[in-house]
>>> print(open('target_37.cif').read())   # mmCIF, C-alpha atoms
data_model
#
loop_
_atom_site.label_atom_id
_atom_site.label_comp_id
_atom_site.auth_asym_id
_atom_site.auth_seq_id
_atom_site.Cartn_x
_atom_site.Cartn_y
_atom_site.Cartn_z
CA MET A 221 110.48 146.61 120.25
CA ALA A 222 112.23 143.63 118.69
CA ALA A 223 110.02 140.91 117.30
CA GLU A 224 109.53 137.91 119.61
CA ASN A 225 110.29 135.54 116.70
CA PRO A 226 112.36 137.25 113.99
CA MET A 227 112.32 134.19 111.77
CA LYS A 228 108.53 134.02 111.82
CA SER A 229 108.29 137.73 111.04
CA LEU A 230 110.68 137.29 108.12
CA GLN A 231 108.62 134.39 106.80
CA GLU A 232 105.45 136.48 107.01
CA GLU A 233 107.12 139.25 105.00
CA ALA A 234 108.00 136.68 102.32
CA THR A 235 104.39 135.44 102.14
CA CYS A 236 101.88 136.56 99.51
CA PRO A 237 98.78 138.13 101.17
CA VAL A 238 96.50 136.45 98.61
CA CYS A 239 97.58 132.78 98.58
CA LEU A 240 99.32 132.93 102.01
CA GLU A 241 102.31 131.02 100.60
CA TYR A 242 105.83 132.12 99.74
CA PHE A 243 105.92 134.53 96.78
CA THR A 244 106.19 133.01 93.32
CA GLU A 245 107.50 135.47 90.70
CA PRO A 246 106.77 138.47 92.99
CA VAL A 247 105.63 141.75 91.43
CA THR A 248 105.25 145.22 92.99
CA LEU A 249 102.25 147.52 92.56
CA GLU A 250 102.41 151.32 92.42
CA CYS A 251 101.33 151.46 96.04
CA GLY A 252 104.38 149.41 97.07
CA HIS A 253 102.63 146.15 98.01
CA ASN A 254 103.87 142.82 96.62
CA PHE A 255 101.98 139.81 95.27
CA CYS A 256 102.61 136.66 93.27
CA GLN A 257 102.21 137.49 89.60
CA ALA A 258 99.63 134.71 89.16
CA CYS A 259 97.68 135.81 92.28
CA ILE A 260 97.34 139.47 91.26
CA SER A 261 96.44 138.47 87.70
CA GLN A 262 93.67 136.25 89.05
CA CYS A 263 92.40 139.05 91.31
CA TRP A 264 92.22 141.43 88.36
CA GLU A 265 90.80 138.97 85.87
CA GLY A 266 88.01 140.61 83.87
CA SER A 267 88.73 144.08 85.24
CA ALA A 268 89.56 147.24 83.30
CA THR A 269 93.02 148.78 83.15
CA ALA A 270 92.46 150.81 86.35
CA THR A 271 92.15 148.43 89.31
CA SER A 272 92.75 148.45 93.05
CA CYS A 273 95.33 146.85 95.31
CA PRO A 274 93.81 143.85 97.17
CA GLN A 275 95.62 144.94 100.33
CA CYS A 276 95.18 148.74 100.60
CA ARG A 277 92.45 149.26 97.95
CA GLU A 278 94.42 152.09 96.32
CA THR A 279 93.72 152.50 92.61
CA VAL A 280 96.61 151.30 90.42
CA GLN A 281 97.27 150.65 86.75
CA GLN A 282 97.62 147.06 85.61
CA GLY A 283 100.32 148.03 83.13
CA ASN A 284 102.59 149.36 85.87
CA LEU A 285 103.37 145.98 87.46
CA ARG A 286 107.12 145.63 88.11
CA PRO A 287 108.93 142.33 88.81
CA ASN A 288 110.55 142.50 92.24
CA ARG A 289 113.79 140.61 91.63
CA GLN A 290 115.31 141.76 94.92
CA LEU A 291 112.40 140.22 96.85
CA ALA A 292 112.78 137.02 94.84
CA ASN A 293 116.44 136.82 95.89
CA ILE A 294 115.56 137.51 99.52
CA LEU A 295 112.92 134.79 99.31
CA GLU A 296 115.56 132.20 98.47
CA LEU A 297 117.54 133.25 101.54
CA VAL A 298 114.41 132.97 103.69
CA LYS A 299 113.85 129.41 102.44
CA GLN A 300 117.43 128.44 103.26
CA LEU A 301 117.22 129.98 106.73
CA SER A 302 113.90 128.24 107.36
CA LEU A 303 115.41 124.92 106.31
CA GLN A 304 118.36 125.38 108.65
CA ALA A 305 116.05 126.36 111.50
CA ALA A 306 113.88 123.30 110.90
CA LYS A 307 116.89 120.99 110.88
CA GLY A 308 118.30 122.67 113.96
CA ALA A 309 115.01 122.03 115.74
CA GLY A 310 115.38 118.33 115.05
CA GLY A 311 112.58 118.11 112.50
CA ASP A 312 112.36 114.73 110.72
CA GLY A 313 110.81 116.19 107.59
CA VAL A 314 110.82 119.51 105.82
CA CYS A 315 108.11 120.96 103.56
CA GLU A 316 109.42 120.97 100.01
CA ARG A 317 107.50 124.13 99.14
CA HIS A 318 108.04 126.28 102.24
CA GLN A 319 111.17 124.69 103.76
CA GLU A 320 109.36 124.49 107.10
CA ALA A 321 109.29 121.53 109.50
CA LEU A 322 106.40 119.12 108.87
CA LYS A 323 104.74 119.41 112.29
CA LEU A 324 101.07 118.93 111.32
CA PHE A 325 99.00 116.21 109.64
CA CYS A 326 96.01 116.93 107.35
CA GLU A 327 93.40 114.25 107.96
CA GLU A 328 91.45 115.01 104.75
CA ASP A 329 94.49 114.72 102.45
CA GLN A 330 96.31 112.18 104.67
CA THR A 331 99.60 114.04 104.36
CA PRO A 332 102.07 115.90 106.64
CA ILE A 333 102.07 119.69 106.25
CA CYS A 334 103.89 122.68 107.74
CA VAL A 335 102.42 125.68 109.56
CA ILE A 336 102.39 127.75 106.35
CA CYS A 337 100.55 125.01 104.45
CA ARG A 338 97.98 125.06 107.28
CA GLU A 339 97.00 128.64 106.43
CA SER A 340 96.96 128.11 102.65
CA ARG A 341 93.76 127.68 100.66
CA ALA A 342 94.50 124.00 100.12
CA HIS A 343 94.26 123.12 103.84
CA ARG A 344 92.60 126.07 105.54
CA ALA A 345 89.21 124.31 105.83
CA HIS A 346 90.64 120.86 106.63
CA THR A 347 90.96 119.08 109.97
CA VAL A 348 94.60 119.23 111.07
CA VAL A 349 96.25 117.56 114.08
CA PRO A 350 99.84 117.52 115.39
CA ILE A 351 101.87 114.98 113.46
CA GLU A 352 102.86 113.17 116.68
CA GLU A 353 99.16 112.63 117.49
CA ALA A 354 98.48 111.25 114.00
CA ALA A 355 101.49 108.93 114.25
CA GLN A 356 100.26 107.55 117.59
CA GLU A 357 96.82 106.87 116.10
CA TYR A 358 98.32 104.93 113.19
CA LYS A 359 100.51 102.98 115.61
CA LYS A 360 97.39 102.01 117.60
CA GLN A 361 95.70 100.78 114.41
CA THR A 362 98.78 98.78 113.45
CA GLN A 363 99.02 97.26 116.93
CA THR A 364 95.33 96.28 116.84
CA GLU A 365 95.73 94.52 113.50
CA ARG A 366 98.86 92.77 114.76
CA GLN A 367 96.98 91.50 117.83
CA LYS A 368 94.15 90.20 115.61
CA ILE A 369 96.58 88.23 113.44
CA VAL A 370 98.38 86.74 116.46
CA SER A 371 95.06 85.79 118.10
CA GLU A 372 93.70 84.10 114.96
CA PHE A 373 96.84 82.02 114.48
CA GLN A 374 96.89 81.04 118.17
CA GLN A 375 93.33 79.76 117.91
CA LEU A 376 94.21 77.87 114.74
CA GLN A 377 97.25 76.32 116.43
CA GLN A 378 95.16 75.22 119.43
CA PHE A 379 92.58 73.63 117.13
CA LEU A 380 95.24 71.68 115.22
CA GLU A 381 96.87 70.49 118.47
CA GLU A 382 93.48 69.26 119.78
CA GLN A 383 92.83 67.39 116.53
CA GLU A 384 96.32 65.85 116.73
CA ARG A 385 95.73 64.60 120.29
CA LEU A 386 92.30 63.22 119.39
CA LEU A 387 93.46 61.29 116.34
CA LEU A 388 96.56 59.91 118.08
CA ALA A 389 94.41 58.77 121.04
CA GLN A 390 92.02 57.00 118.69
CA LEU A 391 94.92 55.36 116.88
CA GLU A 392 96.44 54.20 120.18
CA LYS A 393 93.10 52.76 121.34
CA LEU A 394 92.64 50.93 118.06
CA ASP A 395 96.18 49.54 118.27
CA GLU A 396 95.53 48.20 121.82
CA GLU A 397 92.28 46.59 120.70
CA ILE A 398 94.04 44.80 117.85
CA ASP A 399 96.75 43.47 120.20
CA ILE A 400 94.27 42.29 122.82
CA ARG A 401 92.07 40.41 120.35
CA THR A 402 95.03 38.80 118.64
CA THR A 403 96.52 37.66 122.00
CA LEU A 404 93.20 36.20 123.17
CA SER A 405 92.75 34.28 119.94
CA ARG A 406 96.19 32.72 120.26
CA CYS A 407 95.68 31.84 123.99
CA GLU A 408 92.39 30.03 123.26
CA LYS A 409 94.30 27.50 121.14
CA GLY A 410 96.65 26.71 124.07
CA LYS A 411 99.82 27.95 122.47
CA PHE A 412 101.36 30.96 120.88
CA GLN A 413 101.40 31.03 117.12
CA GLN A 414 101.86 33.43 114.29
CA PRO A 415 99.40 36.32 114.37
CA GLU A 416 96.25 35.67 112.46
CA GLU A 417 94.76 38.00 109.94
CA ILE A 418 92.77 40.89 111.35
CA SER A 419 89.28 39.76 112.23
CA PRO A 420 86.28 41.16 110.36
CA GLU A 421 85.26 42.92 113.59
CA LEU A 422 88.46 45.01 113.49
CA GLU A 423 88.66 45.56 109.74
CA GLU A 424 85.93 48.21 109.84
CA PRO A 425 87.56 50.40 112.62
CA VAL A 426 90.98 50.17 110.90
CA SER A 427 89.49 51.06 107.55
CA GLY A 428 87.51 53.90 109.10
CA PHE A 429 90.58 55.31 110.81
CA SER A 430 92.53 55.06 107.57
CA LYS A 431 89.81 57.05 105.85
CA LYS A 432 89.98 59.66 108.62
CA THR A 433 93.72 59.94 108.13
CA THR A 434 93.28 60.33 104.39
CA VAL A 435 90.64 63.03 104.90
CA LEU A 436 92.91 64.82 107.39
CA MET A 437 95.79 64.78 104.92
CA GLU A 438 93.50 66.16 102.22
CA ILE A 439 92.27 68.94 104.55
CA LEU A 440 95.79 69.89 105.61
CA GLY A 441 96.89 69.88 101.98
CA LYS A 442 94.03 72.17 101.03
CA PHE A 443 94.81 74.38 104.03
CA LYS A 444 98.43 74.75 102.92
CA ASP A 445 97.27 75.65 99.43
CA THR A 446 94.38 77.84 100.57
CA LEU A 447 96.07 79.95 103.26
CA PRO A 448 98.45 81.78 100.89
CA SER A 449 95.65 82.32 98.38
CA GLN A 450 93.35 83.60 101.10
CA LEU A 451 96.05 86.02 102.25
CA GLU A 452 96.52 87.02 98.63
CA ARG A 453 92.76 87.53 98.34
CA LYS A 454 92.81 89.79 101.40
CA ARG A 455 95.65 91.71 99.80
CA GLY A 456 93.61 91.82 96.60
CA GLU A 457 90.77 93.51 98.48
CA LEU A 458 93.19 96.38 99.03
CA PHE A 459 94.99 96.39 95.70
CA GLY A 460 92.60 94.52 93.41
CA PRO A 461 93.56 92.09 90.63
CA HIS A 462 95.90 93.79 88.18
CA ARG A 463 97.04 92.60 84.76
CA GLN A 464 100.82 92.52 84.47
CA ALA A 465 101.81 94.93 81.74
CA ASN A 466 104.83 94.47 79.47
CA VAL A 467 106.23 98.00 79.70
CA THR A 468 109.02 99.41 77.51
CA LEU A 469 110.55 102.90 77.54
CA ASP A 470 109.92 105.51 74.87
CA PRO A 471 113.26 106.93 73.60
CA ASP A 472 111.48 109.93 72.05
CA THR A 473 110.55 111.15 75.56
CA ALA A 474 113.91 110.53 77.31
CA HIS A 475 115.97 113.50 78.51
CA PRO A 476 119.21 113.80 76.46
CA LYS A 477 121.30 112.78 79.49
CA LEU A 478 119.46 109.49 79.91
CA VAL A 479 120.81 106.34 78.23
CA LEU A 480 118.33 103.57 77.34
CA SER A 481 119.25 99.91 76.87
CA GLU A 482 118.77 98.25 73.48
CA ASP A 483 115.69 96.36 74.68
CA ARG A 484 114.30 99.63 76.16
CA LYS A 485 113.85 97.93 79.51
CA SER A 486 116.35 99.94 81.54
CA VAL A 487 117.63 103.51 81.77
CA ARG A 488 120.64 105.10 83.45
CA TRP A 489 122.07 108.57 83.94
CA GLY A 490 124.78 109.46 81.41
CA ASP A 491 127.78 111.70 81.94
CA THR A 492 127.29 113.71 78.76
CA ARG A 493 124.30 115.23 77.04
CA GLN A 494 123.45 113.36 73.84
CA GLN A 495 122.75 115.19 70.58
CA LEU A 496 119.06 114.33 70.17
CA PRO A 497 116.25 116.16 68.39
CA ASN A 498 114.27 118.44 70.68
CA ASN A 499 110.93 116.98 69.65
CA PRO A 500 107.75 118.00 71.52
CA GLU A 501 107.59 114.69 73.41
CA ARG A 502 111.07 114.94 74.93
CA PHE A 503 111.79 116.15 78.48
CA ASP A 504 114.41 118.87 78.10
CA SER A 505 115.00 119.88 81.73
CA ASP A 506 113.92 117.16 84.18
CA LEU A 507 115.70 113.77 83.90
CA CYS A 508 112.54 111.85 83.01
CA VAL A 509 111.36 109.21 80.54
CA LEU A 510 107.91 107.77 79.84
CA GLY A 511 106.79 104.26 78.98
CA CYS A 512 105.59 103.56 75.45
CA GLU A 513 102.39 102.03 76.76
CA GLY A 514 99.41 104.15 77.76
CA PHE A 515 96.39 103.02 79.77
CA THR A 516 92.87 104.45 79.86
CA SER A 517 90.91 101.63 81.56
CA GLY A 518 91.37 98.48 83.59
CA ARG A 519 93.99 97.52 86.19
CA HIS A 520 97.65 97.21 85.27
CA CYS A 521 100.89 96.64 87.15
CA TRP A 522 104.60 96.46 86.41
CA GLU A 523 107.75 95.91 88.44
CA VAL A 524 110.70 98.32 88.54
CA GLU A 525 114.16 97.44 89.88
CA VAL A 526 115.96 100.45 91.35
CA GLY A 527 119.56 100.88 92.32
CA GLY A 528 122.22 103.44 93.16
CA GLY A 529 122.20 107.18 92.85
CA ARG A 530 121.24 109.99 95.18
CA PHE A 531 117.73 110.36 93.80
CA TRP A 532 115.24 108.50 91.64
CA ALA A 533 111.47 108.03 91.41
CA VAL A 534 108.98 105.65 89.81
CA GLY A 535 105.30 106.10 89.07
CA VAL A 536 102.86 107.24 86.40
CA ALA A 537 102.15 110.44 84.51
CA ARG A 538 99.28 111.65 82.39
CA GLU A 539 99.94 111.86 78.67
CA SER A 540 99.65 115.66 78.74
CA VAL A 541 102.36 116.09 81.41
CA GLY A 542 104.68 119.04 80.77
CA ARG A 543 107.89 118.16 78.92
CA LYS A 544 109.68 121.52 78.57
CA GLY A 545 111.34 123.47 81.38
CA GLN A 546 111.02 122.67 85.07
CA ILE A 547 107.96 120.56 85.87
CA SER A 548 106.12 119.88 89.11
CA ARG A 549 106.77 116.27 90.12
CA SER A 550 103.45 115.98 91.93
CA PRO A 551 99.79 115.25 91.18
CA GLU A 552 99.33 118.95 90.41
CA GLY A 553 101.90 118.53 87.65
CA GLY A 554 100.29 115.33 86.36
CA ILE A 555 102.68 112.89 88.11
CA TRP A 556 101.92 110.27 90.80
CA ALA A 557 105.08 108.63 92.11
CA VAL A 558 107.32 107.61 95.01
CA GLY A 559 111.07 108.07 95.15
CA TRP A 560 114.33 108.38 97.04
CA TRP A 561 116.29 111.56 97.64
CA VAL A 562 118.08 113.39 100.46
CA GLY A 563 118.60 110.01 102.11
CA GLN A 564 114.89 109.34 102.62
CA PHE A 565 111.98 107.71 100.80
CA HIS A 566 109.11 110.04 99.82
CA ALA A 567 105.72 110.06 98.16
CA LEU A 568 105.73 112.83 95.53
CA THR A 569 102.70 114.65 96.91
CA SER A 570 102.55 118.44 97.22
CA PRO A 571 104.34 118.97 99.53
CA ALA A 572 106.30 115.70 99.48
CA THR A 573 105.36 113.12 102.12
CA PRO A 574 108.31 111.41 103.91
CA LEU A 575 107.63 107.67 104.24
CA PRO A 576 108.86 105.84 107.37
CA LEU A 577 110.84 103.11 105.60
CA SER A 578 114.09 101.87 107.14
CA ARG A 579 115.54 101.30 103.67
CA ALA A 580 114.72 102.04 100.06
CA PRO A 581 113.05 99.04 98.35
CA SER A 582 115.14 97.36 95.66
CA ARG A 583 112.09 96.39 93.58
CA ILE A 584 108.75 98.20 93.45
CA TRP A 585 105.38 97.17 92.02
CA VAL A 586 103.46 100.04 90.40
CA CYS A 587 99.74 99.18 90.39
CA LEU A 588 97.45 101.44 88.34
CA ASP A 589 93.66 101.24 88.56
CA CYS A 590 92.37 103.47 85.76
CA ASP A 591 88.70 102.85 86.54
CA ARG A 592 89.08 104.03 90.16
CA GLY A 593 91.74 106.65 89.41
CA GLN A 594 94.11 105.09 91.96
CA VAL A 595 97.83 104.27 92.07
CA THR A 596 99.37 101.89 94.64
CA PHE A 597 103.05 101.15 95.25
CA ILE A 598 104.15 97.82 96.79
CA ASP A 599 107.56 96.59 97.95
CA ALA A 600 108.11 93.60 95.66
CA GLY A 601 110.52 92.10 98.18
CA ASP A 602 108.13 91.55 101.09
CA GLU A 603 104.87 92.57 99.34
CA ALA A 604 104.33 95.31 101.91
CA PRO A 605 102.30 98.35 100.78
CA ILE A 606 104.40 101.51 100.43
CA PHE A 607 101.95 104.27 99.51
CA THR A 608 98.58 104.73 97.77
CA PHE A 609 97.24 107.75 95.95
CA PRO A 610 93.54 107.34 96.86
CA PRO A 611 90.66 106.73 94.40
CA GLY A 612 89.88 109.73 92.24
CA SER A 613 93.46 111.04 92.36
CA VAL A 614 94.32 110.11 88.77
CA PRO A 615 92.23 111.80 86.03
CA GLY A 616 90.36 109.86 83.37
CA GLU A 617 92.86 110.30 80.54
CA LYS A 618 95.70 108.23 79.10
CA ILE A 619 98.23 107.36 81.82
CA GLN A 620 101.80 106.23 81.10
CA PRO A 621 104.64 104.76 83.20
CA TRP A 622 107.09 107.46 84.38
CA LEU A 623 110.67 107.27 85.65
CA TRP A 624 112.90 109.98 87.13
CA VAL A 625 116.61 109.07 86.99
CA GLY A 626 119.22 110.94 89.03
CA VAL A 627 122.99 111.07 88.96
CA GLY A 628 124.43 107.56 89.22
CA SER A 629 120.99 105.93 89.19
CA ARG A 630 119.79 103.02 87.07
CA LEU A 631 116.17 101.82 86.80
CA SER A 632 115.08 98.63 85.08
CA LEU A 633 111.66 97.27 84.13
CA CYS A 634 111.46 93.65 85.24
CA PRO A 635 110.16 91.08 82.72
#
>>> encode(input="target_37.cif", output="structure tokens")
Amino acid sequence: MAAENPMKSLQEEATCPVCLEYFTEPVTLECGHNFCQACISQCWEGSATATSCPQCRETVQQGNLRPNRQLANILELVKQLSLQAAKGAGGDGVCERHQEALKLFCEEDQTPICVICRESRAHRAHTVVPIEEAAQEYKKQTQTERQKIVSEFQQLQQFLEEQERLLLAQLEKLDEEIDIRTTLSRCEKGKFQQPEEISPELEEPVSGFSKKTTVLMEILGKFKDTLPSQLERKRGELFGPHRQANVTLDPDTAHPKLVLSEDRKSVRWGDTRQQLPNNPERFDSDLCVLGCEGFTSGRHCWEVEVGGGRFWAVGVARESVGRKGQISRSPEGGIWAVGWWVGQFHALTSPATPLPLSRAPSRIWVCLDCDRGQVTFIDAGDEAPIFTFPPGSVPGEKIQPWLWVGVGSRLSLCP
């Protein structure tokens, strides 16, 4: 009987029975079963040469592992077919690791995941809901906060209008009283004459009202000065006070295709590979460069101007991040960043998290809190938060600025 869902069956065949994810460097045992090389090595760690297959328990020899290149090739085809199927189904996002539609949301990790991620060790014990349900919940929270802001400003506006009416009424009453007393004084003398000086009885109300006006102007002045700072303080409760760092780029770490400016404040993609020494610090495969500065404590921030190109990313990396060969641009690989590629803005989580921004920001604040192990990204244009890697995400070691520069891209560190 034909399978009800051939694509799902094909994906299951391309999944390692140990990690429940697509095979990575698949190997075949004597019994014919396949596993990721790292998974089977971990299963056999500490065992003698004669071991058993985790799936059928048949005794096999560790030395007889054979790389299954044909399965690796088939796996690439499965990923491509899965990606096409996900796009054909109208999926907004696709899992970078499994090429499956991001239909679920992990509440513990606060990230979208696919159905294969759901069965992996990383999310198997987590609470997962449909991504549409999670989106509706966030929309409700946003709407609630919006209503609070509107309500507070309406109340403030009503208070100011009441104070305006009260003070104008008092001023009008005082003006009438001055006119009446002046007119009576002139009539008592039998003829009209030039207005006399304000009587002592009226000097005190006029002086008092003048003082009220002065106080009101002082209060309004303080309000104008205080409101932005109070809003900034509220924002600071989320992001905390950060010291602006003067960041420069380290040419010894730049990939040979990256061209740095003389002041080491900007970097662009070059057409040709430069003849540079392949020192241990240099990225030789990924188009990356690190900042010269490293941070181990305190709060620091810097601004990056981005422009052009099909892909780019900004963020931080630990000092021990891999430099040679392909690296994992994710927290697992020692990188915490956001970026633009495939026509969409993403957080470089594992898998990547698509961010619902209508456009890519032109300037981004990178805010690093070493003491809390947290990184926050803010749109420098409208000061709106973009994404936050939560406290405890960044390890307690030296952290450096990190840039990923794609074809046609140019990134600049703002002064």
>>> resolve_selection(input="target_37.cif", expression="the PyMOL selection byres ((chain A and resi 560-574) around 9)", output="number ranges by chain")
A: 312-318, 331-333, 337, 529-533, 548-552, 555-559, 575-580, 606-609
>>> atom_distance(input="target_37.cif", atom1="atom CA of A:Val247", atom2="atom CA of A:Thr279")
16.1 Å
>>> atom_distance(input="target_37.cif", atom1="atom CA of A:Glu501", atom2="atom CA of A:Val541")
9.7 Å
>>> closest_residue(input="target_37.cif", among="A:Ile598, A:Ala234, A:Leu478, A:Cys326", to="A:Val524", atoms="only C-alpha atoms")
A:Ile598
>>> closest_residue(input="target_37.cif", among="A:Asp602, A:Gly527, A:Trp624, A:Trp522", to="A:Trp585", atoms="only C-alpha atoms")
A:Trp522
>>> closest_residue(input="target_37.cif", among="A:Ser632, A:Gln390, A:Gln377, A:Ser371", to="A:Arg484", atoms="all atoms listed in the file")
A:Ser632
>>> atom_distance(input="target_37.cif", atom1="atom CA of A:Glu250", atom2="atom CA of A:Pro274")
12.3 Å
>>> resolve_selection(input="target_37.cif", expression="the PyMOL selection byres ((chain A and resi 464) around 8)", output="list of chain:residue names")
A:His462, A:Arg463, A:Ala465, A:Asn466, A:His520, A:Cys521, A:Trp522
>>> closest_residue(input="target_37.cif", among="A:Tyr242, A:Phe255, A:Trp264, A:Phe597", to="A:Val298", atoms="all atoms listed in the file")
A:Tyr242
>>> resolve_selection(input="target_37.cif", expression="the PyMOL selection byres ((chain A and resi 525) around 9)", output="list in words")
Ser486, Glu523, Val524, Val526, Gly527, Pro581, Ser582, Arg583, Ile584, Arg630, Leu631, Ser632, Leu633 and Cys634 of chain A
